[in-house]
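S.K.: Pasting protein_36.tsv here (TSV, C-alpha atoms):
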chain	number	residue	atom	x	y	z
A	39	MET	CA	83.50	269.45	55.87
A	40	ILE	CA	81.27	269.20	58.92
A	41	THR	CA	78.01	271.08	59.37
A	42	ILE	CA	76.60	271.74	62.83
A	43	ILE	CA	72.96	272.81	62.95
A	44	GLY	CA	72.33	274.76	66.14
A	45	ALA	CA	74.71	277.46	67.39
A	46	GLY	CA	73.74	277.21	71.05
A	47	ARG	CA	76.06	276.16	73.85
A	48	VAL	CA	76.52	272.54	72.81
A	49	GLY	CA	76.74	273.23	69.07
A	50	SER	CA	79.24	276.05	69.49
A	51	SER	CA	81.32	274.11	72.01
A	52	ALA	CA	81.43	271.15	69.62
A	53	ALA	CA	82.40	273.41	66.73
A	54	PHE	CA	85.30	274.89	68.68
A	55	ASP	CA	86.57	271.46	69.75
A	56	ILE	CA	86.44	270.26	66.14
A	57	LEU	CA	88.61	273.24	65.20
A	58	ARG	CA	90.89	272.82	68.21
A	59	TYR	CA	91.54	269.16	67.37
A	60	LYS	CA	92.03	270.14	63.68
A	61	ILE	CA	89.41	267.64	62.52
A	62	SER	CA	87.64	269.59	59.78
A	63	ASP	CA	86.35	272.87	58.43
A	64	VAL	CA	82.95	273.71	59.96
A	65	VAL	CA	79.73	275.35	58.81
A	66	LEU	CA	77.64	276.52	61.77
A	67	ILE	CA	73.96	276.99	60.90
A	68	ASP	CA	71.27	278.56	63.06
A	69	THR	CA	67.93	280.22	62.40
A	70	ASN	CA	69.43	283.07	64.43
A	71	GLU	CA	71.94	283.93	61.72
A	72	LYS	CA	73.65	286.67	63.73
A	73	LEU	CA	74.33	284.21	66.54
A	74	ALA	CA	75.89	281.70	64.13
A	75	MET	CA	77.97	284.40	62.44
A	76	GLY	CA	79.10	285.82	65.77
A	77	GLU	CA	80.14	282.45	67.16
A	78	ALA	CA	82.05	281.65	63.97
A	79	LEU	CA	83.83	285.01	64.01
A	80	ASP	CA	84.77	284.58	67.66
A	81	MET	CA	86.27	281.14	66.91
A	82	MET	CA	88.19	282.34	63.87
A	83	GLN	CA	89.81	285.02	66.03
A	84	ALA	CA	91.08	282.20	68.27
A	85	ALA	CA	92.43	280.23	65.30
A	86	PRO	CA	96.04	281.48	65.56
A	87	ALA	CA	96.19	280.43	69.22
A	88	ILE	CA	94.94	276.91	68.47
A	89	GLU	CA	96.97	276.73	65.22
A	90	PHE	CA	93.91	276.07	63.07
A	91	ASP	CA	94.33	277.09	59.42
A	92	GLY	CA	90.95	275.95	58.15
A	93	THR	CA	87.65	277.79	58.05
A	94	ILE	CA	84.51	278.13	60.11
A	95	ARG	CA	81.60	280.14	58.84
A	96	GLY	CA	78.27	280.96	60.43
A	97	THR	CA	75.06	281.26	58.46
A	98	GLY	CA	71.31	280.92	58.55
A	99	ASP	CA	71.21	279.36	55.07
A	100	PHE	CA	70.75	275.59	55.02
A	101	ARG	CA	72.13	275.44	51.50
A	102	GLU	CA	75.58	276.04	52.97
A	103	MET	CA	75.68	272.43	54.22
A	104	ALA	CA	75.96	271.08	50.65
A	105	GLY	CA	78.90	268.71	50.31
A	106	SER	CA	79.20	267.99	54.04
A	107	GLU	CA	80.58	264.61	55.01
A	108	LEU	CA	78.93	264.81	58.42
A	109	VAL	CA	75.95	266.84	59.63
A	110	ILE	CA	75.44	267.18	63.40
A	111	VAL	CA	72.06	268.32	64.73
A	112	THR	CA	72.12	270.05	68.10
A	113	ALA	CA	69.16	272.38	67.40
A	114	GLY	CA	66.32	272.33	69.89
A	115	PHE	CA	65.37	273.42	73.37
A	116	ALA	CA	67.74	272.49	76.17
A	117	ARG	CA	66.64	270.49	79.19
A	118	LYS	CA	65.85	272.62	82.24
A	119	PRO	CA	66.36	271.65	85.89
A	120	GLU	CA	63.84	269.02	87.05
A	121	MET	CA	62.88	268.35	83.40
A	122	THR	CA	63.44	264.91	81.90
A	123	ARG	CA	64.68	264.41	78.35
A	124	ILE	CA	61.33	262.83	77.45
A	125	GLU	CA	59.45	266.01	78.45
A	126	LEU	CA	61.38	267.81	75.72
A	127	MET	CA	60.11	265.38	73.15
A	128	ASN	CA	57.12	267.01	71.46
A	129	THR	CA	58.66	270.44	70.95
A	130	ASN	CA	62.02	269.17	69.79
A	131	ALA	CA	60.44	266.63	67.47
A	132	GLN	CA	58.94	269.44	65.41
A	133	ILE	CA	62.31	271.19	65.20
A	134	VAL	CA	64.23	268.05	64.30
A	135	ARG	CA	61.76	266.99	61.60
A	136	SER	CA	62.11	270.41	60.00
A	137	VAL	CA	65.91	270.33	60.20
A	138	VAL	CA	66.42	266.83	58.80
A	139	ARG	CA	64.23	267.66	55.80
A	140	GLU	CA	66.79	270.33	54.97
A	141	VAL	CA	69.57	267.76	55.36
A	142	THR	CA	67.92	265.37	52.90
A	143	LYS	CA	67.58	268.27	50.45
A	144	TYR	CA	71.08	269.74	50.62
A	145	ALA	CA	73.34	266.99	52.03
A	146	PRO	CA	71.69	263.70	51.04
A	147	LYS	CA	74.94	261.72	51.12
A	148	ALA	CA	76.14	262.92	54.51
A	149	LYS	CA	76.33	260.95	57.72
A	150	LEU	CA	73.78	262.40	60.14
A	151	MET	CA	74.38	262.54	63.90
A	152	LEU	CA	71.57	263.58	66.23
A	153	VAL	CA	72.38	265.25	69.54
A	154	THR	CA	69.03	266.94	70.29
A	155	ASN	CA	67.26	265.37	73.28
A	156	PRO	CA	65.62	262.99	73.85
A	157	VAL	CA	68.23	261.71	71.43
A	158	ASP	CA	66.96	258.13	71.04
A	159	VAL	CA	63.51	259.35	70.00
A	160	MET	CA	64.95	262.08	67.78
A	161	THR	CA	67.18	259.51	66.06
A	162	TYR	CA	64.22	257.23	65.38
A	163	ILE	CA	61.98	259.93	63.91
A	164	SER	CA	64.90	261.21	61.81
A	165	PHE	CA	65.43	257.71	60.46
A	166	LYS	CA	61.77	257.56	59.46
A	167	GLU	CA	61.76	261.11	58.08
A	168	THR	CA	64.92	260.91	55.96
A	169	GLY	CA	64.92	257.35	54.71
A	170	PHE	CA	68.70	257.30	55.26
A	171	PRO	CA	70.27	253.86	55.74
A	172	ARG	CA	70.74	253.23	59.43
A	173	SER	CA	74.52	253.10	59.01
A	174	ARG	CA	74.49	256.81	58.10
A	175	LEU	CA	72.13	257.99	60.85
A	176	PHE	CA	72.79	257.67	64.56
A	177	GLY	CA	72.50	259.52	67.86
A	178	MET	CA	75.12	260.71	70.34
A	179	GLY	CA	74.23	259.87	73.91
A	180	ASN	CA	75.82	256.81	75.46
A	181	ILE	CA	79.29	257.95	74.37
A	182	LEU	CA	78.89	260.86	76.77
A	183	ASP	CA	77.45	258.55	79.43
A	184	ALA	CA	80.49	256.27	79.06
A	185	MET	CA	82.88	259.20	79.52
A	186	ARG	CA	81.10	260.07	82.74
A	187	PHE	CA	81.19	256.42	83.85
A	188	ARG	CA	84.96	256.34	83.20
A	189	THR	CA	85.44	259.58	85.13
A	190	TYR	CA	83.74	258.22	88.24
A	191	ILE	CA	85.56	254.88	88.08
A	192	ALA	CA	88.90	256.70	87.95
A	193	SER	CA	87.89	259.02	90.78
A	194	GLU	CA	86.85	256.14	93.03
A	195	LEU	CA	90.10	254.27	92.41
A	196	GLY	CA	92.41	257.28	92.33
A	197	VAL	CA	93.84	256.31	88.92
A	198	SER	CA	94.25	258.02	85.57
A	199	ARG	CA	91.03	258.48	83.63
A	200	GLU	CA	92.98	257.53	80.52
A	201	ASP	CA	93.40	253.98	81.83
A	202	THR	CA	89.68	253.38	82.43
A	203	ARG	CA	87.52	251.71	79.80
A	204	ALA	CA	83.74	251.42	79.95
A	205	LEU	CA	80.57	251.24	77.89
A	206	VAL	CA	76.99	252.30	78.52
A	207	MET	CA	73.99	251.11	76.53
A	208	GLY	CA	70.26	251.76	76.49
A	209	GLU	CA	68.46	255.08	76.68
A	210	HIS	CA	70.47	258.27	77.02
A	211	GLY	CA	68.48	259.02	80.14
A	212	ASP	CA	67.46	257.67	83.51
A	213	SER	CA	67.14	254.05	82.31
A	214	MET	CA	70.65	253.90	80.82
A	215	VAL	CA	72.64	250.75	81.54
A	216	PRO	CA	76.31	251.17	82.52
A	217	LEU	CA	77.93	247.86	81.59
A	218	VAL	CA	79.66	246.96	84.84
A	219	GLU	CA	80.77	243.54	83.58
A	220	TYR	CA	82.68	245.16	80.69
A	221	ALA	CA	84.29	248.04	82.61
A	222	SER	CA	87.99	247.80	83.38
A	223	VAL	CA	91.17	249.63	84.32
A	224	SER	CA	94.06	248.72	82.01
A	225	GLY	CA	92.35	245.39	81.37
A	226	VAL	CA	91.55	244.61	85.02
A	227	PRO	CA	87.76	244.28	85.56
A	228	ILE	CA	86.41	246.81	88.02
A	229	THR	CA	84.61	243.96	89.77
A	230	LYS	CA	88.10	242.87	90.94
A	231	LEU	CA	89.00	246.34	92.16
A	232	LEU	CA	85.84	247.74	93.72
A	233	SER	CA	83.22	246.51	96.15
A	234	PRO	CA	79.61	246.04	94.99
A	235	GLN	CA	78.68	249.09	97.08
A	236	GLN	CA	81.31	251.24	95.38
A	237	ILE	CA	80.21	250.06	91.95
A	238	GLU	CA	76.57	250.81	92.70
A	239	HIS	CA	77.54	254.32	93.83
A	240	ILE	CA	79.46	254.88	90.58
A	241	VAL	CA	76.55	253.61	88.49
A	242	GLN	CA	74.10	255.94	90.22
A	243	ARG	CA	76.42	258.93	89.77
A	244	THR	CA	76.69	258.07	86.08
A	245	VAL	CA	72.91	257.92	85.66
A	246	THR	CA	72.32	261.28	87.35
A	247	SER	CA	75.45	263.05	86.08
A	248	GLY	CA	73.75	265.09	83.35
A	249	ALA	CA	70.99	266.22	85.69
A	250	ASP	CA	73.60	267.08	88.33
A	251	VAL	CA	75.30	269.51	85.95
A	252	ILE	CA	71.97	271.02	84.87
A	253	LYS	CA	70.95	271.65	88.48
A	254	LEU	CA	74.19	273.51	89.10
A	255	LYS	CA	74.64	275.58	85.93
A	256	GLY	CA	71.47	275.21	83.86
A	257	SER	CA	72.83	273.09	80.99
A	258	THR	CA	75.62	270.79	79.92
A	259	GLU	CA	78.12	272.14	77.41
A	260	PHE	CA	81.78	271.17	77.52
A	261	ALA	CA	81.47	267.39	77.94
A	262	PRO	CA	78.91	266.98	75.11
A	263	GLY	CA	80.97	269.28	72.88
A	264	ALA	CA	84.13	267.26	73.43
A	265	VAL	CA	82.37	263.94	72.85
A	266	ILE	CA	80.80	265.21	69.61
A	267	ALA	CA	84.29	266.17	68.41
A	268	VAL	CA	85.72	262.75	69.32
A	269	THR	CA	82.92	261.05	67.37
A	270	ALA	CA	83.39	263.37	64.40
A	271	ASP	CA	87.10	262.52	64.39
A	272	ALA	CA	86.32	258.78	64.30
A	273	ILE	CA	84.12	259.32	61.24
A	274	LEU	CA	86.24	261.72	59.22
A	275	THR	CA	89.49	259.85	59.84
A	276	GLY	CA	87.94	256.36	59.58
A	277	ARG	CA	89.43	255.25	62.90
A	278	ASN	CA	86.80	252.53	63.50
A	279	ARG	CA	86.27	253.37	67.15
A	280	VAL	CA	84.15	251.13	69.40
A	281	MET	CA	81.48	253.35	70.96
A	282	SER	CA	77.84	253.14	71.97
A	283	VAL	CA	75.55	255.20	69.77
A	284	SER	CA	71.80	255.32	69.35
A	285	THR	CA	71.02	253.30	66.25
A	286	CYS	CA	67.90	251.75	64.77
A	287	LEU	CA	67.83	248.06	65.61
A	288	ASP	CA	66.63	245.39	63.21
A	289	GLY	CA	66.68	242.23	65.31
A	290	GLU	CA	69.89	242.90	67.21
A	291	TYR	CA	69.51	242.15	70.92
A	292	GLY	CA	66.05	240.83	69.99
A	293	GLN	CA	64.77	244.36	69.34
A	294	SER	CA	63.34	246.27	66.37
A	295	CYS	CA	61.33	249.43	65.63
A	296	VAL	CA	63.41	251.41	68.10
A	297	SER	CA	66.57	253.48	68.14
A	298	ILE	CA	68.63	252.97	71.27
A	299	GLY	CA	72.23	252.96	72.43
A	300	VAL	CA	74.27	249.85	71.67
A	301	PRO	CA	78.01	249.28	71.12
A	302	VAL	CA	79.08	249.74	67.49
A	303	VAL	CA	82.15	250.11	65.33
A	304	ILE	CA	82.01	253.64	63.92
A	305	GLY	CA	84.18	254.97	61.14
A	306	LYS	CA	84.29	256.45	57.65
A	307	ASP	CA	80.93	255.03	56.59
A	308	GLY	CA	79.19	255.70	59.89
A	309	VAL	CA	77.99	252.68	61.86
A	310	ASP	CA	80.00	249.87	60.27
A	311	LYS	CA	78.93	247.11	62.66
A	312	ILE	CA	76.64	246.61	65.65
A	313	ILE	CA	78.37	244.60	68.39
A	314	GLU	CA	76.08	242.15	70.19
A	315	LEU	CA	77.50	241.48	73.63
A	316	ASP	CA	76.64	238.62	75.95
A	317	LEU	CA	74.70	240.30	78.75
A	318	SER	CA	74.13	238.95	82.23
A	319	PRO	CA	70.46	238.25	83.07
A	320	LYS	CA	70.37	241.40	85.24
A	321	THR	CA	71.88	243.60	82.56
A	322	LYS	CA	69.64	242.14	79.88
A	323	ALA	CA	66.55	242.91	81.99
A	324	LEU	CA	67.74	246.48	82.55
A	325	PHE	CA	68.34	246.93	78.82
A	326	GLU	CA	64.90	245.56	77.96
A	327	ASN	CA	63.36	247.99	80.45
A	328	SER	CA	65.26	250.83	78.79
A	329	VAL	CA	64.04	249.76	75.34
A	330	ALA	CA	60.47	249.65	76.63
A	331	LYS	CA	60.73	253.24	77.89
A	332	VAL	CA	62.00	254.52	74.55
A	333	LYS	CA	59.36	252.58	72.63
A	334	GLU	CA	56.69	254.02	74.91
A	335	ALA	CA	57.97	257.53	74.16
A	336	ILE	CA	58.02	256.86	70.41
A	337	ALA	CA	54.44	255.56	70.57
A	338	ALA	CA	53.33	258.62	72.55
A	339	LEU	CA	54.95	260.91	70.01
A	340	GLN	CA	53.33	259.12	67.08
A	341	ALA	CA	49.97	259.25	68.83
Would you put the structure from the file into structure tokens?
M.R.:
Amino acid sequence: MITIIGAGRVGSSAAFDILRYKISDVVLIDTNEKLAMGEALDMMQAAPAIEFDGTIRGTGDFREMAGSELVIVTAGFARKPEMTRIELMNTNAQIVRSVVREVTKYAPKAKLMLVTNPVDVMTYISFKETGFPRSRLFGMGNILDAMRFRTYIASELGVSREDTRALVMGEHGDSMVPLVEYASVSGVPITKLLSPQQIEHIVQRTVTSGADVIKLKGSTEFAPGAVIAVTADAILTGRNRVMSVSTCLDGEYGQSCVSIGVPVVIGKDGVDKIIELDLSPKTKALFENSVAKVKEAIAALQA
């Protein structure tokens, strides 16, 4: 069973994708119980069309998460146009601290995935608040960034998005680091297919992609929901997918006391392994800058 805490746009979209891909039964929890119940009822009425025979129930009772294999936290205020993820930090930190205390009480053996922004900071304070091992607590951010990176690579080349492969590491925010040297199309490095100017254009579109959606429609919804479902599938089925998630580092990449996006193997037990890539001097400097920004935010929050 999967529990999603937060029945807003992202949480509800993720819940429906989890049903649509037949990954798991879902409990949808929100302090607005009527909203959670209404969203669950709406989805169940679509179940025959998507051939889903499981259950989704909406509730305002945190006790309903008991026995969950995975708990996903989307609760919090959404980013508004012209607002950075960091500006959300203080308000959402209070919400997330409250929510993860309920998780430790009612689902202490679950894997815990943070989605609430700024996700790297929320992942770090949740790690400190819960005492969960870092393998069972991680944040969703760079997986979404990588999907956007792949989309723009495919668009620039006029090829199938399915054939593109890419990773992003660092902050899920303006200092993210799309890994150009590890991006490819069916094994062919993009550096062999695109000019430096084209690659720089793709990187910049990737960095601003979330803000671009927010400026147009007020919030992101479908892409995060789909990515959450893909990650949930990797965990519940034990597929050992290679993805970048926000995880608390303990010496990897020369960093500690920070949660930030790095490539990992993710499966049945959560983060099974952190993959340490050889980074070019330029990429390493960009990653260190990204780490510094997240650490600065964590320090500001603690202060």
S.K.: With distances taken over only C-alpha atoms, which residue among A:Thr285, A:Thr154, A:Thr244, A:Ser51 lies nearest A:Gly263?
M.R.: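 Smallest separation from A:Gly263 among the options: A:Ser51.
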S.K.: Nearest to A:Gly208: which of A:Asn180, A:Gln235, A:Thr275, A:Asn130 is it, counting all atoms listed in the file?
M.R.: A:Asn180
S.K.: For A:Lys149, work out the shell of residues within 9 Å, counting all atoms listed in the file and skipping chain neighbours fewer than 2 positions away, then give it as a list in words.
M.R.: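 Residues meeting the cut-off are Ser106, Glu107, Leu108, Val109, Ile110, Ala145, Pro146, Lys147, Met151, Phe170, Ser173, Arg174, Leu175, Phe176, Ile273, Asp307 and Gly308 of chain A.
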S.K.: Dump as JSON lines the rows for residues of stretch 211-247 of chain A within 7 Å of stretch 314-332 of chain A: closest atom pair and distance in Å with one decimal, all atoms listed in the file counted, ordered by chain and rising residue number.
M.R.:
{"residue": "A:Ser213", "atom": "CA", "partner": "A:Ser328", "partner_atom": "CA", "distance": 5.1}
{"residue": "A:Met214", "atom": "CA", "partner": "A:Ser328", "partner_atom": "CA", "distance": 6.5}
{"residue": "A:Val215", "atom": "CA", "partner": "A:Phe325", "partner_atom": "CA", "distance": 6.4}
S.K.: Could you tell me which of A:Val197, A:Val283, A:Leu73, A:Ala264 comes closest to A:Leu57 if we count only C-alpha atoms?
M.R.: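 Smallest distance to A:Leu57 is found for A:Ala264.
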S.K.: Using all atoms listed in the file, which of the listed residues (A:Thr202, A:Lys230, A:Ile304, A:Ser222) sits closest to A:Asp271?
M.R.: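 That would be A:Ile304, the residue with the smallest distance to A:Asp271.
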S.K.: Pick out the closest residue to A:Glu259 from this set: A:Ile88, A:Leu182, A:Ile67, A:Leu79. Count all atoms listed in the file.
M.R.: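 Residue with the minimum atom-to-atom distance to A:Glu259: A:Leu182.
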S.K.: In Å, with one decimal, what is the gap from atom CA of A:Arg47 to atom CA of A:Ala113?
M.R.: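 Computing it gives 10.2 Å between the two atoms.
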S.K.: Determine the nearest neighbour of A:Ile312 from the options A:Ala337, A:Ser193, A:Glu89, A:Arg172, counting only C-alpha atoms.
M.R.: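 Looking only at the distances to A:Ile312, the closest residue turns out to be A:Arg172.
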S.K.: Separation of atom CA of A:Phe90 and atom CA of A:Ala52, in Å?
M.R.: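 Taking atom CA of A:Phe90 and atom CA of A:Ala52, their separation equals 14.9 Å.
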S.K.: Pull the neighbourhood of (87.9, 271.3, 68.5) for me: all residues within 12 Å in file coordinates, counting all atoms listed in the file, as a VMD selection string.
M.R.: chain A and resid 40 49 to 64 81 to 82 84 to 85 88 to 90 92 94 260 262 to 271
S.K.: Using Å and a single decimal, report how far atom CA of A:Asp212 sits from atom CA of A:Val245.
M.R.: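 We find that atom CA of A:Val245 and atom CA of A:Asp212 lie 5.9 Å from each other.
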